[in-house]
$ cat data.cif   # mmCIF, C-alpha atoms
data_run
#
loop_
_atom_site.label_atom_id
_atom_site.label_comp_id
_atom_site.auth_asym_id
_atom_site.auth_seq_id
_atom_site.Cartn_x
_atom_site.Cartn_y
_atom_site.Cartn_z
CA MET A 28 34.54 55.02 -78.42
CA SER A 29 34.78 55.42 -74.67
CA THR A 30 32.20 56.20 -72.01
CA ALA A 31 32.51 56.18 -68.25
CA ARG A 32 28.75 55.93 -67.67
CA GLY A 33 27.84 52.85 -69.63
CA ALA A 34 26.08 52.80 -72.97
CA LEU A 35 23.39 50.91 -74.80
CA LEU A 36 25.22 49.88 -77.98
CA ALA A 37 23.92 48.10 -81.07
CA ILE A 38 25.17 46.21 -84.10
CA SER A 39 23.73 43.83 -86.67
CA ASP A 40 24.68 41.90 -89.79
CA LEU A 41 28.04 40.75 -88.49
CA HIS A 42 28.27 38.02 -91.16
CA ILE A 43 31.28 36.42 -89.52
CA ALA A 44 31.60 33.76 -92.21
CA HIS A 45 33.68 36.48 -93.89
CA ALA A 46 37.17 36.43 -92.38
CA GLU A 47 37.45 40.22 -92.28
CA ASN A 48 34.21 40.51 -90.34
CA ARG A 49 35.22 37.76 -87.96
CA LYS A 50 38.42 39.67 -87.23
CA LEU A 51 36.42 42.84 -86.48
CA VAL A 52 34.25 40.92 -84.02
CA GLN A 53 37.35 39.44 -82.37
CA GLU A 54 38.63 42.99 -81.87
CA MET A 55 35.34 44.41 -80.60
CA ARG A 56 35.46 45.75 -77.06
CA PRO A 57 33.04 47.71 -74.86
CA GLY A 58 33.86 51.23 -73.81
CA SER A 59 33.10 50.41 -70.17
CA ASP A 60 32.21 47.47 -67.96
CA GLU A 61 28.59 48.66 -67.93
CA ASP A 62 27.98 48.61 -71.69
CA TRP A 63 25.12 46.56 -73.10
CA LEU A 64 25.17 45.22 -76.66
CA LEU A 65 22.07 44.78 -78.82
CA VAL A 66 22.67 42.31 -81.66
CA ALA A 67 19.96 42.76 -84.29
CA GLY A 68 20.49 39.57 -86.25
CA ASP A 69 22.52 38.05 -89.07
CA VAL A 70 25.44 37.00 -86.91
CA SER A 71 26.10 34.16 -89.36
CA GLU A 72 24.49 31.20 -91.09
CA THR A 73 25.78 28.19 -89.16
CA TYR A 74 24.91 27.26 -85.61
CA SER A 75 28.58 26.98 -84.60
CA ASP A 76 29.41 30.47 -85.90
CA VAL A 77 26.50 31.98 -84.01
CA GLU A 78 27.62 30.19 -80.85
CA TRP A 79 31.21 31.42 -81.25
CA ALA A 80 30.25 35.07 -81.76
CA LEU A 81 27.61 35.29 -79.03
CA THR A 82 29.91 33.54 -76.55
CA LEU A 83 32.69 36.02 -77.26
CA LEU A 84 30.35 39.03 -76.99
CA ARG A 85 28.72 37.67 -73.84
CA ASP A 86 32.13 37.45 -72.21
CA ARG A 87 32.92 41.09 -73.01
CA PHE A 88 29.71 43.05 -72.56
CA HIS A 89 27.67 43.50 -69.40
CA THR A 90 24.45 42.38 -71.10
CA VAL A 91 23.84 41.00 -74.60
CA VAL A 92 20.42 41.07 -76.27
CA TRP A 93 19.84 39.10 -79.49
CA ALA A 94 17.09 39.26 -82.11
CA PRO A 95 17.35 36.76 -84.98
CA GLY A 96 18.01 37.74 -88.56
CA ASN A 97 17.11 35.73 -91.62
CA HIS A 98 20.63 34.26 -91.97
CA GLU A 99 20.52 32.55 -88.55
CA LEU A 100 17.28 30.87 -89.65
CA TRP A 101 18.71 29.44 -92.88
CA THR A 102 19.42 25.72 -93.11
CA PRO A 103 22.53 25.83 -95.33
CA PRO A 104 23.78 22.57 -96.84
CA ASP A 105 27.17 22.81 -95.07
CA ASP A 106 25.75 23.17 -91.54
CA PRO A 107 25.80 19.90 -89.56
CA VAL A 108 22.78 21.26 -87.64
CA ARG A 109 19.93 20.33 -89.99
CA SER A 110 16.96 21.76 -88.09
CA ARG A 111 14.55 24.02 -89.98
CA GLY A 112 12.04 26.76 -89.30
CA GLU A 113 10.56 27.08 -85.84
CA ARG A 114 12.68 24.23 -84.51
CA ARG A 115 15.87 25.96 -85.64
CA TYR A 116 14.76 29.21 -84.03
CA ARG A 117 14.00 27.44 -80.74
CA GLU A 118 17.41 25.76 -80.78
CA LEU A 119 19.04 29.18 -81.17
CA VAL A 120 16.94 30.49 -78.28
CA ASP A 121 18.13 27.58 -76.13
CA LEU A 122 21.72 28.35 -77.14
CA CYS A 123 21.31 31.97 -76.07
CA ARG A 124 19.69 31.03 -72.79
CA GLY A 125 22.61 28.75 -72.03
CA LEU A 126 24.93 31.70 -72.61
CA GLY A 127 22.85 34.18 -70.64
CA VAL A 128 21.94 36.17 -73.78
CA HIS A 129 18.44 37.71 -73.87
CA THR A 130 16.11 36.58 -76.69
CA PRO A 131 12.60 37.47 -77.92
CA GLU A 132 11.26 34.60 -75.81
CA ASP A 133 12.59 35.85 -72.47
CA PRO A 134 11.46 38.49 -69.97
CA TYR A 135 12.48 41.82 -71.44
CA PRO A 136 15.48 43.39 -69.67
CA VAL A 137 15.11 46.92 -68.35
CA TRP A 138 17.65 49.64 -69.05
CA ASP A 139 17.82 52.20 -66.25
CA GLN A 140 18.31 55.54 -67.99
CA ASP A 141 19.35 57.68 -65.02
CA GLY A 142 16.24 56.65 -63.12
CA ARG A 143 13.92 56.18 -66.13
CA ARG A 144 12.95 52.59 -66.86
CA LEU A 145 13.16 51.62 -70.54
CA VAL A 146 12.19 48.12 -71.62
CA VAL A 147 14.63 46.69 -74.15
CA ALA A 148 12.48 44.43 -76.32
CA PRO A 149 14.15 42.08 -78.82
CA LEU A 150 11.62 41.11 -81.49
CA PHE A 151 11.20 38.34 -84.03
CA VAL A 152 8.41 39.11 -86.48
CA LEU A 153 9.78 38.17 -89.94
CA TYR A 154 8.11 39.52 -93.11
CA ASP A 155 4.98 38.80 -95.11
CA TYR A 156 5.68 40.35 -98.55
CA SER A 157 3.45 43.33 -97.78
CA PHE A 158 6.24 45.81 -98.63
CA ARG A 159 5.24 45.46 -102.28
CA PRO A 160 6.46 47.76 -105.06
CA ALA A 161 4.00 50.35 -106.32
CA GLY A 162 1.59 48.93 -108.84
CA THR A 163 1.63 45.34 -107.55
CA THR A 164 -1.47 44.31 -105.62
CA THR A 165 -0.72 40.68 -104.80
CA THR A 166 2.22 38.79 -103.35
CA ALA A 167 2.33 36.52 -106.40
CA ALA A 168 2.61 39.49 -108.75
CA ALA A 169 5.28 41.13 -106.61
CA LEU A 170 7.36 37.95 -106.44
CA ALA A 171 7.02 37.48 -110.20
CA GLN A 172 8.24 41.04 -110.76
CA ALA A 173 11.21 40.47 -108.43
CA GLU A 174 12.14 37.27 -110.25
CA GLU A 175 11.87 39.05 -113.60
CA VAL A 176 14.45 41.65 -112.58
CA GLY A 177 16.68 39.05 -110.91
CA VAL A 178 16.13 40.09 -107.29
CA VAL A 179 15.18 37.02 -105.25
CA CYS A 180 16.23 36.67 -101.60
CA THR A 181 18.10 33.49 -100.69
CA ASP A 182 15.44 32.98 -98.00
CA GLU A 183 13.25 31.51 -100.73
CA PHE A 184 15.61 28.52 -100.83
CA LEU A 185 17.13 28.27 -97.33
CA LEU A 186 14.69 29.79 -94.81
CA HIS A 187 12.02 27.16 -94.23
CA PRO A 188 8.84 28.09 -92.30
CA ASP A 189 8.15 24.60 -90.83
CA PRO A 190 5.66 23.85 -89.37
CA TYR A 191 3.89 26.90 -90.80
CA PRO A 192 2.61 26.70 -94.39
CA SER A 193 4.54 29.82 -95.43
CA ARG A 194 6.92 32.49 -94.17
CA ALA A 195 4.00 34.94 -94.23
CA ALA A 196 1.96 32.66 -91.95
CA TRP A 197 4.92 32.36 -89.57
CA CYS A 198 5.24 36.16 -89.64
CA HIS A 199 1.57 36.67 -88.76
CA ALA A 200 1.82 34.25 -85.84
CA ARG A 201 4.92 36.05 -84.57
CA VAL A 202 3.28 39.46 -84.94
CA ALA A 203 0.26 38.36 -82.87
CA TYR A 204 2.45 36.84 -80.15
CA THR A 205 4.80 39.83 -79.97
CA GLU A 206 2.03 42.41 -80.09
CA ALA A 207 0.40 40.84 -77.04
CA ARG A 208 3.68 40.91 -75.12
CA LEU A 209 4.32 44.56 -75.95
CA ALA A 210 0.75 45.57 -75.12
CA ALA A 211 1.18 44.01 -71.67
CA LEU A 212 3.92 46.59 -70.93
CA ASP A 213 1.09 49.06 -70.43
CA GLY A 214 2.81 52.20 -71.67
CA THR A 215 6.33 51.64 -70.36
CA PRO A 216 8.84 53.31 -72.72
CA THR A 217 10.73 50.88 -74.91
CA VAL A 218 13.74 50.34 -77.11
CA LEU A 219 12.58 48.00 -79.88
CA VAL A 220 15.23 45.73 -81.45
CA ASN A 221 14.35 43.87 -84.64
CA HIS A 222 16.32 42.60 -87.61
CA TYR A 223 13.89 44.14 -90.08
CA PRO A 224 12.70 47.76 -90.05
CA LEU A 225 9.28 47.96 -88.44
CA VAL A 226 8.18 50.55 -90.98
CA ARG A 227 8.49 50.76 -94.74
CA GLU A 228 10.24 54.16 -94.87
CA PRO A 229 13.83 52.85 -94.59
CA THR A 230 13.34 50.67 -97.67
CA ARG A 231 12.54 53.63 -99.93
CA ILE A 232 16.24 54.10 -100.76
CA LEU A 233 16.99 50.49 -101.70
CA ARG A 234 18.91 50.21 -104.95
CA TYR A 235 16.58 47.37 -105.92
CA PRO A 236 13.12 48.27 -104.56
CA GLU A 237 11.88 44.74 -105.20
CA PHE A 238 14.02 43.53 -102.27
CA ALA A 239 11.68 45.34 -99.87
CA LEU A 240 9.42 42.27 -100.12
CA TRP A 241 11.80 40.51 -97.72
CA CYS A 242 12.19 43.48 -95.35
CA GLY A 243 9.22 43.50 -93.00
CA THR A 244 5.48 43.72 -92.62
CA ASP A 245 2.91 46.52 -92.65
CA ARG A 246 1.43 45.00 -89.48
CA THR A 247 4.16 46.65 -87.37
CA ALA A 248 3.88 50.11 -88.95
CA ASP A 249 2.59 51.84 -85.79
CA TRP A 250 4.49 49.88 -83.14
CA HIS A 251 7.02 52.65 -82.54
CA THR A 252 4.22 54.99 -81.42
CA ARG A 253 1.82 52.43 -79.90
CA PHE A 254 4.55 50.96 -77.72
CA HIS A 255 6.25 54.23 -76.80
CA ALA A 256 9.61 53.57 -78.42
CA GLU A 257 12.47 55.87 -77.45
CA ALA A 258 14.47 54.25 -80.25
CA VAL A 259 14.10 51.47 -82.81
CA VAL A 260 17.17 49.42 -83.72
CA TYR A 261 17.26 47.35 -86.89
CA GLY A 262 19.60 46.00 -89.59
CA HIS A 263 19.13 43.85 -92.70
CA LEU A 264 19.37 46.69 -95.24
CA HIS A 265 23.15 47.17 -94.88
CA ILE A 266 22.60 50.94 -95.03
CA PRO A 267 23.74 52.33 -91.65
CA ARG A 268 21.93 55.57 -90.83
CA THR A 269 19.42 57.16 -88.46
CA LEU A 270 15.96 57.99 -89.80
CA HIS A 271 13.32 59.73 -87.70
CA VAL A 272 9.74 58.52 -88.10
CA ASP A 273 7.07 60.33 -86.06
CA GLY A 274 9.94 61.77 -84.04
CA VAL A 275 11.34 58.33 -83.14
CA PRO A 276 14.92 57.55 -84.20
CA PHE A 277 15.20 54.40 -86.29
CA GLN A 278 18.84 53.31 -86.22
CA GLU A 279 20.15 50.92 -88.88
CA VAL A 280 23.25 49.44 -87.25
CA SER A 281 24.53 46.85 -89.71
CA LEU A 282 28.18 46.07 -90.30
CA GLY A 283 27.45 44.39 -93.63
CA TYR A 284 29.75 42.57 -96.00
CA PRO A 285 33.43 43.61 -96.32
CA ARG A 286 32.89 45.05 -99.81
CA GLU A 287 30.19 47.30 -98.33
CA TRP A 288 31.95 48.62 -95.22
CA ARG A 289 35.25 49.08 -97.06
CA ALA A 290 33.46 51.46 -99.44
CA ARG A 291 32.35 53.75 -96.60
CA SER A 292 34.47 56.64 -95.37
CA GLY A 293 36.72 55.50 -92.56
CA PRO A 294 36.74 52.12 -90.77
CA PRO A 295 33.47 50.51 -89.58
CA THR A 296 31.96 52.18 -86.55
CA THR A 297 31.10 49.19 -84.40
CA PRO A 298 29.00 49.09 -82.40
CA ARG A 299 26.81 52.21 -82.57
CA PRO A 300 25.59 54.02 -79.43
CA VAL A 301 21.83 54.12 -78.89
CA LEU A 302 21.61 55.55 -75.35
CA THR A 303 23.94 56.30 -72.44
CA ARG A 304 23.33 56.31 -68.71
CA ARG A 305 25.11 56.97 -65.44
CA THR A 306 24.05 53.95 -63.38
CA ASN A 307 23.71 50.26 -64.10
CA THR A 308 20.56 48.51 -62.95
CA THR A 309 19.39 45.30 -64.61
CA ARG A 310 15.83 44.16 -64.16
CA ALA A 311 13.38 42.25 -66.31
CA LEU A 312 9.72 42.41 -67.21
#
$ encode --input "data.cif" --output "structure tokens"
Amino acid sequence: MSTARGALLAISDLHIAHAENRKLVQEMRPGSDEDWLLVAGDVSETYSDVEWALTLLRDRFHTVVWAPGNHELWTPPDDPVRSRGERRYRELVDLCRGLGVHTPEDPYPVWDQDGRRLVVAPLFVLYDYSFRPAGTTTTAAALAQAEEVGVVCTDEFLLHPDPYPSRAAWCHARVAYTEARLAALDGTPTVLVNHYPLVREPTRILRYPEFALWCGTDRTADWHTRFHAEAVVYGHLHIPRTLHVDGVPFQEVSLGYPREWRARSGPPTTPRPVLTRRTNTTRAL
């Protein structure tokens, strides 16, 4: 892909612990010196891998914006960095700040779309098990059903919510914090970047519908309209496509595992364009 005007590009689910994916990231280049890259989570599981990938991408793209996925928040047994939960997230934020990569804790950068100001808002809101399968009315029942069919996300073992009592409680705290920040934008158009889809619709085509439990929260279902989104970027599902909800394009931009992208027609399209512009102006809100 090549553009002379600069583009807002996006990718997620790089999973660079897989050698083939790491090679693709090593080969990734912008189409112009003005290209931004939105990274919607799941770079890798270990702190050192995340640092390697974000450093490389920071050196190549004009601006890099990162929202965490669930894999970055894992505390795997082979990672020398043993921090968990909120502390792990804050250490990743500090890493990004040291690299000059934008995070959900920083002033939101502004993309100048030929004179129109669009706030690029990286989000971290997690999930609260509210994307329950039809017929289940409680989280406990939904989790029991998922376990019965053998669909249990690894988060249940490696993503610790410390100091919150549960991942759902952490999610609700993040939703309240993020909602206040977005409301303060007072109607400015946005591009929302989150690892999980903000609405339930993209999960309807999951091969195993029980996995939707780990894919978001109903509390963000109207954010794309309330916060004037021109586009929503997400990953996690490993099903790259664009779905329009209330007229807003929701772009799933994951690379996914090698066995997944090899099965698609043609080589991986990385990264995917979200918007293009003619001028490059970087501001922050």
$ atom_distance --input "data.cif" --atom1 "atom CA of Pro224 of chain A" --atom2 "atom CA of Asn97 of chain A"
12.9 Å
$ closest_residue --input "data.cif" --among "A:Gln278, A:Gln140, A:Thr163, A:Ser292" --to "Leu219 of chain A" --atoms "only C-alpha atoms"
A:Gln278
$ resolve_selection --input "data.cif" --expression "the PyMOL selection byres ((chain A and resi 187) around 12)" --output "ChimeraX atom specification"
/A:97-103,109-116,181-186,188-197
$ resolve_selection --input "data.cif" --expression "the PyMOL selection byres ((chain A and resi 158-160) around 6)" --output "list in words"
Tyr156, Ser157, Ala161, Thr163, Ala239 and Leu240 of chain A
$ residues_around --input "data.cif" --residues "Asp249 of chain A" --least-positions-apart "3" --cutoff "12 Å" --atoms "all atoms listed in the file" --output "ChimeraX atom specification"
/A:206,224-227,244-246,252-256,259,272-273,275
$ write_last_selection --input "data.cif" --atoms "C-alpha atoms" --output "mmCIF file, in the frame of the given file"
data_model
loop_
_atom_site.group_PDB
_atom_site.id
_atom_site.type_symbol
_atom_site.label_atom_id
_atom_site.label_comp_id
_atom_site.auth_asym_id
_atom_site.auth_seq_id
_atom_site.Cartn_x
_atom_site.Cartn_y
_atom_site.Cartn_z
ATOM 1 C CA GLU A 206 2.030 42.410 -80.090
ATOM 2 C CA PRO A 224 12.700 47.760 -90.050
ATOM 3 C CA LEU A 225 9.280 47.960 -88.440
ATOM 4 C CA VAL A 226 8.180 50.550 -90.980
ATOM 5 C CA ARG A 227 8.490 50.760 -94.740
ATOM 6 C CA THR A 244 5.480 43.720 -92.620
ATOM 7 C CA ASP A 245 2.910 46.520 -92.650
ATOM 8 C CA ARG A 246 1.430 45.000 -89.480
ATOM 9 C CA THR A 252 4.220 54.990 -81.420
ATOM 10 C CA ARG A 253 1.820 52.430 -79.900
ATOM 11 C CA PHE A 254 4.550 50.960 -77.720
ATOM 12 C CA HIS A 255 6.250 54.230 -76.800
ATOM 13 C CA ALA A 256 9.610 53.570 -78.420
ATOM 14 C CA VAL A 259 14.100 51.470 -82.810
ATOM 15 C CA VAL A 272 9.740 58.520 -88.100
ATOM 16 C CA ASP A 273 7.070 60.330 -86.060
ATOM 17 C CA VAL A 275 11.340 58.330 -83.140
#
$ residues_around --input "data.cif" --residues "Tyr204 of chain A" --least-positions-apart "4" --cutoff "12 Å" --atoms "all atoms listed in the file" --output "PyMOL selection string"
chain A and resi 131-132+150-152+197-200+208-211
$ atom_distance --input "data.cif" --atom1 "atom CA of Phe277 of chain A" --atom2 "atom CA of Ala207 of chain A"
22.1 Å
$ resolve_selection --input "data.cif" --expression "the PyMOL selection byres ((chain A and resi 294-297) around 10)" --output "JSON, numbers by chain"
{"A": [28, 36, 37, 38, 39, 41, 51, 52, 55, 56, 57, 267, 280, 281, 282, 283, 285, 287, 288, 289, 290, 291, 292, 293, 298, 299, 300]}
$ closest_residue --input "data.cif" --among "A:Val176, A:Trp93, A:Tyr284, A:His251" --to "Ala44 of chain A" --atoms "only C-alpha atoms"
A:Tyr284
$ atom_distance --input "data.cif" --atom1 "atom CA of Asn221 of chain A" --atom2 "atom CA of Pro149 of chain A"
6.1 Å
$ closest_residue --input "data.cif" --among "A:Asp139, A:Glu54, A:Glu61, A:Glu175" --to "Leu83 of chain A" --atoms "all atoms listed in the file"
A:Glu54
$ closest_residue --input "data.cif" --among "A:Glu118, A:Pro104, A:Arg32, A:Leu64" --to "Val77 of chain A" --atoms "all atoms listed in the file"
A:Glu118
$ closest_residue --input "data.cif" --among "A:Thr205, A:Thr130, A:Thr230, A:Asn48" --to "Glu279 of chain A" --atoms "only C-alpha atoms"
A:Thr230
$ closest_residue --input "data.cif" --among "A:Asp141, A:Asp40, A:Asp155, A:Asp86" --to "Gly68 of chain A" --atoms "only C-alpha atoms"
A:Asp40
$ decode --input "data.cif" --residues "segment 279-294 of chain A" --atoms "N, CA, C and O atoms" --output "CSV table (one decimal), in the first residue's frame"
chain,number,residue,atom,x,y,z
A,279,GLU,N,-12.4,-4.6,12.2
A,279,GLU,CA,-11.6,-5.6,12.9
A,279,GLU,C,-10.3,-5.7,12.1
A,279,GLU,O,-10.3,-6.1,11.0
A,280,VAL,N,-9.2,-5.5,12.8
A,280,VAL,CA,-7.9,-5.3,12.1
A,280,VAL,C,-6.9,-6.3,12.5
A,280,VAL,O,-5.7,-6.1,12.4
A,281,SER,N,-7.3,-7.5,13.0
A,281,SER,CA,-6.3,-8.4,13.6
A,281,SER,C,-5.5,-9.1,12.5
A,281,SER,O,-6.0,-9.4,11.4
A,282,LEU,N,-4.2,-9.4,12.8
A,282,LEU,CA,-3.4,-10.3,12.0
A,282,LEU,C,-3.8,-11.7,12.4
A,282,LEU,O,-4.1,-12.5,11.5
A,283,GLY,N,-3.8,-12.0,13.7
A,283,GLY,CA,-4.1,-13.4,14.1
A,283,GLY,C,-3.0,-14.3,14.0
A,283,GLY,O,-1.8,-14.0,13.7
A,284,TYR,N,-3.2,-15.6,14.4
A,284,TYR,CA,-2.2,-16.6,14.4
A,284,TYR,C,-1.9,-17.0,12.9
A,284,TYR,O,-2.7,-16.9,12.0
A,285,PRO,N,-0.7,-17.6,12.7
A,285,PRO,CA,-0.3,-18.0,11.4
A,285,PRO,C,-1.3,-18.9,10.7
A,285,PRO,O,-1.6,-18.8,9.5
A,286,ARG,N,-1.8,-19.9,11.5
A,286,ARG,CA,-2.7,-20.8,10.9
A,286,ARG,C,-4.0,-20.1,10.4
A,286,ARG,O,-4.7,-20.6,9.5
A,287,GLU,N,-4.3,-19.0,11.0
A,287,GLU,CA,-5.5,-18.2,10.6
A,287,GLU,C,-5.2,-17.4,9.3
A,287,GLU,O,-6.0,-17.4,8.4
A,288,TRP,N,-4.1,-16.6,9.3
A,288,TRP,CA,-3.9,-15.7,8.2
A,288,TRP,C,-3.5,-16.5,7.0
A,288,TRP,O,-3.7,-16.1,5.8
A,289,ARG,N,-2.8,-17.7,7.2
A,289,ARG,CA,-2.5,-18.5,6.0
A,289,ARG,C,-3.7,-19.0,5.3
A,289,ARG,O,-3.6,-19.3,4.1
A,290,ALA,N,-4.8,-19.2,6.0
A,290,ALA,CA,-6.0,-19.8,5.4
A,290,ALA,C,-6.8,-18.7,4.6
A,290,ALA,O,-7.7,-19.1,3.9
A,291,ARG,N,-6.5,-17.4,4.8
A,291,ARG,CA,-7.2,-16.4,4.0
A,291,ARG,C,-6.6,-16.3,2.6
A,291,ARG,O,-5.5,-16.7,2.3
A,292,SER,N,-7.4,-15.7,1.7
A,292,SER,CA,-6.9,-15.5,0.3
A,292,SER,C,-5.9,-14.5,0.3
A,292,SER,O,-6.1,-13.3,0.7
A,293,GLY,N,-4.7,-14.8,-0.3
A,293,GLY,CA,-3.6,-13.8,-0.4
A,293,GLY,C,-2.9,-13.6,0.9
A,293,GLY,O,-3.3,-14.1,2.0
A,294,PRO,N,-1.8,-12.9,0.9
A,294,PRO,CA,-1.0,-12.7,2.1
A,294,PRO,C,-1.7,-11.7,3.0
A,294,PRO,O,-2.7,-11.0,2.6
